[in-house]
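A.B. asks: My structure is below; once you've seen it, I'll send some questions.
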There are 4 protein chains.
Amino acid sequence: MKSKDDKRVRILSAAVKVFAQKGFYNAKVADVAKNAGVADGTIYLYFKNKDDILICIFEEEMEKFIDEIKGVTAVETGSLAKLRRFIHAHLDLVQRNPKLAQVFQLELRQSNKFIKEYTGSKLKEYLNLIGDLIAEGQAEGLIRVELHPGLVKRALFGALDEIATHWVLSKNGKHDLGQSADQIAEIFILGVAARPSEAKHS
Amino acid sequence: MKSKDDKRVRILSAAVKVFAQKGFYNAKVADVAKNAGVADGTIYLYFKNKDDILICIFEEEMEKFIDEIKGVTAVETGSLAKLRRFIHAHLDLVQRNPKLAQVFQLELRQSNKFIKEYTGSKLKEYLNLIGDLIAEGQAEGLIRVELHPGLVKRALFGALDEIATHWVLSKNGKHDLGQSADQIAEIFILGVAARPSEAKHS
Amino acid sequence: MKSKDDKRVRILSAAVKVFAQKGFYNAKVADVAKNAGVADGTIYLYFKNKDDILICIFEEEMEKFIDEIKGVTAVETGSLAKLRRFIHAHLDLVQRNPKLAQVFQLELRQSNKFIKEYTGSKLKEYLNLIGDLIAEGQAEGLIRVELHPGLVKRALFGALDEIATHWVLSKNGKHDLGQSADQIAEIFILGVAARPSEAKHS
Amino acid sequence: MKSKDDKRVRILSAAVKVFAQKGFYNAKVADVAKNAGVADGTIYLYFKNKDDILICIFEEEMEKFIDEIKGVTAVETGSLAKLRRFIHAHLDLVQRNPKLAQVFQLELRQSNKFIKEYTGSKLKEYLNLIGDLIAEGQAEGLIRVELHPGLVKRALFGALDEIATHWVLSKNGKHDLGQSADQIAEIFILGVAARPSEAKHS
DNA sequence: GATGAATGAGCTTTCATTCAT
DNA sequence: GATGAATGAAAGCTCATTCAT
């Protein structure tokens, strides 16, 4: 049980390392196996296939992220403050995990299975963290009610995602994402906030 | 000359069709050739390799888009109105070209060469259309000057891109993107606009 | 271990058979695999590429030949007698292994990699068997000292090689190489032998 | 007629240049065409196929060689002296035409068609120059009559060929082939000469 | 005769996955 | 559970050759 988990974990961290270094497409399952110190076949005791490794990395890391972000936003009171926290936390996570970010922003998208078949709950759950904050803000009268939370969550996620991708791709002298977070938060919060005069007439 | 162009064009449209239908990865060069009514080898008289077809589709369609969007925004006066037009035009283009959108939003991202090596000017040029509008707005005093155009352009592009991808992936009963455009425009314009005390924007 | 060696050996003999029959260039790796009773991919567990199969055949058969020829010449005393033995053994080996001879004399030369990149030691070692006999003969005063062993070895090898190639190419009624060996031996031995009057002044 | 010949000649010299530089296998017909300043298709007005270019180079250069060697040997009286001349002339031709030698010694052998199908008369004619000299020597009582001219000619040709190949392959500081010719001539003449009691050759 | 755009057959090699041990 | 040798499907690309102009 211990050793089983151990192997699974070793394979996953090896995969992050190898995928980040060589790219998902160029990385061989055998590379991951060697890096994890297991036999090629062992991989298939823990994962359905190569794409599954990638998807599991995503799911498990997303779970941690979701927990972390929930913790961080819970501290705040007020949905707009929580939104701001969310934005900072998202980009902070990227900045603190460059290898993982590389895998998330670049490699994951090259997996046909992930793009076309993945309907996992973690991504939805993550998006819904935003959606819920939006809805919460609308309930509080802080966010305009005519905005679709389902749209806003994608807009914000897309914005953060693009910025993260650009950061990952910038070769050297990566800029600090904290400032980007400030500006994105400002734009979105002002962008979705109910106008003072409108706050009542929802 | 006529026939030469003709063949190139036929290959490109065949490729859009085939890539959208089977996916870039699953599509065989031979599929594209057959669909275009040329021999396999002929493809390589016009394109360096399979990825190059994809990249050329991107470049050439982007050029058209850029022209179209330039035309559309030129009509307006005022950078914020132009921004609104831009947003509508972007999503409108997606909605009017579903196959191309499928290729742009999904298949293109699976090309390792595109993701890692593409440094073509068209994408930058497109992003800069936004960046320039932002800068213009700042010059006009309509957009807060502390915002980095380079960041805002990515945030907006990312938001639109994510919404486009979601639209492409939604299997049936695709919703109208016009409404999404309205909301995104509202959010961003309010988000970046100078505060009332700072500007005269209506 | 047993089965591993077994497979390697099976691939090599299959390759000799197939290359002799179809020619190296026309033979497909798949033909070799089928003939050896292994999967196509298995070939690449044992050999770097198609050319490598050919080169390994050469190296390994040459090793056997070298051993055999060493054994045969060791029996004789006197370098000239050894030289005669060598010549007979060389052509005898050709005659006794027609398929292998076909591969050595014709197919091997069509491998660009063999011709241009092969610097293996086996060919040199084989040539040096002759060179050493020449040097030995010079030391014994039996062979003229002004002759360069490095040149003589090539001359003799070239002569034998050409005769072997001609024999391989002769469609039907292949003549007996034993008589050829007699004459070649006679020519070379007389050709390199020290003149009676010179026998002492080595 | 003039221009026709001109084109044919230009193609042949371009082919020698290109084949020597890139190797027959790696050289493209298009390379030869470009180098000759003609269209790809034009090549096929003068030659059956790529191998045919190589074979024509061989045939035509061999014809020149044969004439040259005939001229050189005609000067001498005595078959053994002619043989010596022949040997010198052969290696001299190699040394004076390094590009052509590269094509003859290395590239030609990689042509499946040349190796397996060529039954052209020029090679036979060349070999027979030697064979005739041997027969002549036998008629003069200078060469042992028990030697088969058909074998001796191959032995000598093989020896010269091997030495030429080695010279072509020696990267830098190519040695002078004149000395090699001296030694080969000495070996062969002594090797085939009738015994003192049988002849008057000095 | 000359062109060169178009053809399309041809094949090595890789590597995710399996399964006998 | 773990291994890793074996599998075998799969396809991009080249380039000699053709032929309509």
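Following the order of the structure tokens, first chain is A, next is B, and so on, with residues numbered from 1 inside each chain and ligands from 1 in the order they appear.
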Tell me, which residues of segment 15-198 of chain A carry DSSP helix (DSSP H, G or I), written as number ranges by chain?
C.D. replies: A: 15-22, 29-36, 40-46, 50-74, 79-96, 98-110, 112-117, 121-139, 149-169, 177-192, 196-198
A.B. asks: Which residues of chain A are close to chain E, meaning at most 9 Å apart when you count only C-alpha atoms (C1' of nucleotides), and how do they look as JSON, numbers by chain?
C.D. replies: {"A": [28, 29, 30, 41, 44, 49, 50]}
A.B. asks: Mind checking which residues fall within 12 Å of Ala155 of chain D, counting only C-alpha atoms (C1' of nucleotides), ignoring those fewer than 4 positions away in the same chain, and posting them as a short mmCIF file (atom, residue, chain, number, x, y, z; two decimals) with N, CA and C atoms, in the first residue's frame?
C.D. replies:
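Saved the output as around.cif:
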```
data_model
loop_
_atom_site.label_atom_id
_atom_site.label_comp_id
_atom_site.auth_asym_id
_atom_site.auth_seq_id
_atom_site.Cartn_x
_atom_site.Cartn_y
_atom_site.Cartn_z
N ARG C 154 47.10 -5.24 -49.97
CA ARG C 154 45.96 -4.74 -50.75
C ARG C 154 45.93 -5.34 -52.15
N ALA C 155 47.11 -5.46 -52.70
CA ALA C 155 47.17 -6.02 -54.06
C ALA C 155 46.64 -7.46 -54.05
N LEU C 156 47.09 -8.21 -53.09
CA LEU C 156 46.63 -9.61 -53.03
C LEU C 156 45.15 -9.68 -52.70
N PHE C 157 44.76 -8.88 -51.72
CA PHE C 157 43.34 -8.89 -51.35
C PHE C 157 42.48 -8.49 -52.55
N GLY C 158 42.92 -7.46 -53.24
CA GLY C 158 42.18 -6.98 -54.40
C GLY C 158 42.05 -8.06 -55.46
N ALA C 159 43.13 -8.75 -55.69
CA ALA C 159 43.12 -9.81 -56.70
C ALA C 159 42.12 -10.90 -56.30
N LEU C 160 42.20 -11.33 -55.05
CA LEU C 160 41.28 -12.38 -54.58
C LEU C 160 39.84 -11.89 -54.63
N ASP C 161 39.66 -10.66 -54.25
CA ASP C 161 38.32 -10.09 -54.18
C ASP C 161 37.68 -10.03 -55.57
N GLU C 162 38.47 -9.62 -56.53
CA GLU C 162 37.96 -9.51 -57.88
C GLU C 162 37.59 -10.90 -58.44
N ILE C 163 38.43 -11.85 -58.12
CA ILE C 163 38.17 -13.22 -58.59
C ILE C 163 36.92 -13.77 -57.90
N ALA C 164 36.78 -13.47 -56.64
CA ALA C 164 35.58 -13.91 -55.91
C ALA C 164 34.33 -13.27 -56.50
N THR C 165 34.41 -11.97 -56.77
CA THR C 165 33.25 -11.28 -57.33
C THR C 165 32.87 -11.86 -58.69
N HIS C 166 33.87 -12.10 -59.49
CA HIS C 166 33.59 -12.69 -60.81
C HIS C 166 32.93 -14.06 -60.67
N SER C 180 42.06 -21.52 -59.51
CA SER C 180 42.38 -20.10 -59.48
C SER C 180 43.35 -19.81 -58.34
N ALA C 181 43.06 -20.42 -57.20
CA ALA C 181 43.92 -20.21 -56.04
C ALA C 181 45.35 -20.63 -56.36
N GLN C 183 46.90 -20.65 -59.19
CA GLN C 183 47.59 -19.70 -60.05
C GLN C 183 47.89 -18.38 -59.35
N ILE C 184 46.92 -17.90 -58.60
CA ILE C 184 47.15 -16.65 -57.87
C ILE C 184 48.31 -16.82 -56.90
N ALA C 185 48.31 -17.94 -56.22
CA ALA C 185 49.38 -18.19 -55.25
C ALA C 185 50.73 -18.19 -55.96
N GLU C 186 50.75 -18.87 -57.05
CA GLU C 186 51.99 -18.96 -57.82
C GLU C 186 52.48 -17.57 -58.24
N ILE C 187 51.56 -16.82 -58.79
CA ILE C 187 51.92 -15.48 -59.26
C ILE C 187 52.44 -14.62 -58.11
N PHE C 188 51.70 -14.60 -57.02
CA PHE C 188 52.12 -13.72 -55.94
C PHE C 188 53.40 -14.18 -55.26
N LEU D 127 39.52 -4.96 -69.47
CA LEU D 127 40.13 -6.16 -68.90
C LEU D 127 40.89 -6.93 -69.97
N ILE D 130 44.43 -6.19 -70.73
CA ILE D 130 45.39 -6.93 -69.91
C ILE D 130 45.49 -8.36 -70.42
N GLY D 131 44.32 -8.95 -70.62
CA GLY D 131 44.31 -10.35 -71.06
C GLY D 131 45.13 -10.53 -72.34
N ILE D 134 48.76 -10.45 -71.69
CA ILE D 134 49.21 -11.72 -71.09
C ILE D 134 49.38 -12.76 -72.20
N LEU D 147 49.31 -20.18 -67.14
CA LEU D 147 48.44 -19.18 -66.49
C LEU D 147 47.27 -18.83 -67.41
N HIS D 148 46.09 -18.77 -66.82
CA HIS D 148 44.92 -18.37 -67.61
C HIS D 148 44.89 -16.87 -67.75
N PRO D 149 44.95 -16.36 -68.94
CA PRO D 149 44.90 -14.90 -69.10
C PRO D 149 43.63 -14.33 -68.45
N GLY D 150 42.53 -15.06 -68.55
CA GLY D 150 41.27 -14.60 -67.96
C GLY D 150 41.35 -14.45 -66.45
N LEU D 151 42.19 -15.23 -65.85
CA LEU D 151 42.35 -15.13 -64.41
C LEU D 151 43.36 -14.03 -64.07
N ALA D 159 43.86 -6.05 -58.12
CA ALA D 159 44.93 -5.45 -57.32
C ALA D 159 44.96 -3.94 -57.53
N LEU D 160 44.93 -3.54 -58.78
CA LEU D 160 44.98 -2.10 -59.09
C LEU D 160 43.74 -1.39 -58.54
N ASP D 161 42.62 -2.06 -58.67
CA ASP D 161 41.36 -1.48 -58.23
C ASP D 161 41.35 -1.26 -56.72
N GLU D 162 41.85 -2.23 -56.01
CA GLU D 162 41.87 -2.12 -54.55
C GLU D 162 42.79 -0.99 -54.11
N ILE D 184 53.70 -2.89 -57.84
CA ILE D 184 52.72 -3.82 -58.41
C ILE D 184 53.26 -4.41 -59.71
N ILE D 187 55.87 -7.00 -58.95
CA ILE D 187 55.29 -8.24 -58.44
C ILE D 187 54.63 -9.04 -59.55
N PHE D 188 53.83 -8.35 -60.34
CA PHE D 188 53.11 -9.10 -61.37
C PHE D 188 54.02 -9.62 -62.47
N GLY D 191 55.85 -12.29 -61.19
CA GLY D 191 54.90 -13.37 -60.85
C GLY D 191 54.44 -14.17 -62.04
N VAL D 192 54.35 -13.53 -63.15
CA VAL D 192 53.83 -14.24 -64.31
C VAL D 192 54.93 -14.64 -65.29
#
```
A.B. asks: Residues of chain A within 12 Å of chain F, counting only C-alpha atoms (C1' of nucleotides), what are they? List them as a compact mmCIF listing (two decimals) with N, CA and C atoms, in the first residue's frame.
C.D. replies:
```
# COMPACT_ATOMS: atom_id res chain seq x y z
N MET A 1 0.86 -1.20 0.00
CA MET A 1 0.00 0.00 0.00
C MET A 1 0.89 1.25 0.00
N SER A 3 4.10 1.13 -0.65
CA SER A 3 4.96 1.07 -1.82
C SER A 3 4.15 1.29 -3.09
N LYS A 4 2.92 0.90 -3.05
CA LYS A 4 2.08 1.10 -4.23
C LYS A 4 1.88 2.60 -4.49
N LYS A 7 5.05 4.18 -5.69
CA LYS A 7 5.36 4.03 -7.11
C LYS A 7 4.53 4.97 -7.96
N ALA A 30 8.95 5.12 -21.84
CA ALA A 30 10.16 4.52 -21.29
C ALA A 30 10.99 5.56 -20.52
N ALA A 33 9.40 5.94 -17.20
CA ALA A 33 9.66 4.74 -16.40
C ALA A 33 11.07 4.78 -15.81
N LYS A 34 12.03 5.06 -16.67
CA LYS A 34 13.41 5.08 -16.21
C LYS A 34 13.59 6.15 -15.12
N GLY A 37 12.27 5.05 -11.98
CA GLY A 37 12.91 3.86 -11.43
C GLY A 37 12.01 2.63 -11.42
N VAL A 38 11.13 2.56 -12.40
CA VAL A 38 10.29 1.37 -12.51
C VAL A 38 10.39 0.82 -13.94
N ALA A 39 9.83 -0.34 -14.13
CA ALA A 39 9.86 -0.93 -15.46
C ALA A 39 8.78 -0.29 -16.32
N ASP A 40 8.98 -0.34 -17.62
CA ASP A 40 8.02 0.25 -18.55
C ASP A 40 6.61 -0.25 -18.25
N GLY A 41 6.51 -1.56 -18.14
CA GLY A 41 5.20 -2.17 -17.95
C GLY A 41 4.50 -1.74 -16.67
N THR A 42 5.30 -1.41 -15.68
CA THR A 42 4.73 -1.02 -14.38
C THR A 42 3.82 0.20 -14.50
N ILE A 43 4.20 1.07 -15.40
CA ILE A 43 3.39 2.26 -15.64
C ILE A 43 1.93 1.87 -15.88
N TYR A 44 1.78 0.80 -16.62
CA TYR A 44 0.43 0.40 -17.04
C TYR A 44 -0.34 -0.32 -15.93
N LEU A 45 0.32 -0.54 -14.82
CA LEU A 45 -0.42 -1.05 -13.65
C LEU A 45 -1.11 0.11 -12.94
N TYR A 46 -0.61 1.29 -13.16
CA TYR A 46 -1.14 2.46 -12.46
C TYR A 46 -1.92 3.42 -13.36
```
A.B. asks: When you draw a straight line from atom CA of Thr119 of chain A to atom CA of His88 of chain B, how long is it in Å?
C.D. replies: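 Separation between atom CA of Thr119 of chain A and atom CA of His88 of chain B: 28.6 Å.
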A.B. asks: Have a look at atom CA of Val9 of chain B and atom CA of Val72 of chain B and let me know their distance in Å, one decimal.
C.D. replies: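 Rounded to one decimal, the two atoms are 25.7 Å apart.
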A.B. asks: Quick one: distance from atom CA of Glu63 of chain A to atom CA of Leu123 of chain A in Å, one decimal?
C.D. replies: 9.3 Å
A.B. asks: Residues within 8 Å of Arg85 of chain D, please, as a PyMOL selection string. Count only C-alpha atoms (C1' of nucleotides); anything in the same chain fewer than 4 positions from it doesn't count.
C.D. replies: chain D and resi 72-73+76+81+89
A.B. asks: Please determine, counting only C-alpha atoms, which residue among A:Gln21, A:Asn112, A:Ser121, A:Ser170 has the shortest atom-to-atom distance to chain B.
C.D. replies: A:Asn112
A.B. asks: I'd like the contact shell of segment 99-106 of chain C - 12 Å cut-off, only C-alpha atoms (C1' of nucleotides), skipping same-chain residues fewer than 4 positions apart - returned as JSON, numbers by chain.
C.D. replies: {"C": [12, 13, 14, 15, 16, 17, 18, 19, 20, 21, 22, 23, 24, 25, 53, 54, 55, 56, 57, 58, 59, 60, 61, 62, 65, 90, 91, 92, 93, 94, 95, 110, 111, 114, 115, 123, 158, 160, 161, 162, 163, 164, 165, 166, 167, 168, 169, 170, 171], "D": [109, 110, 111, 112, 113, 114, 115, 116]}
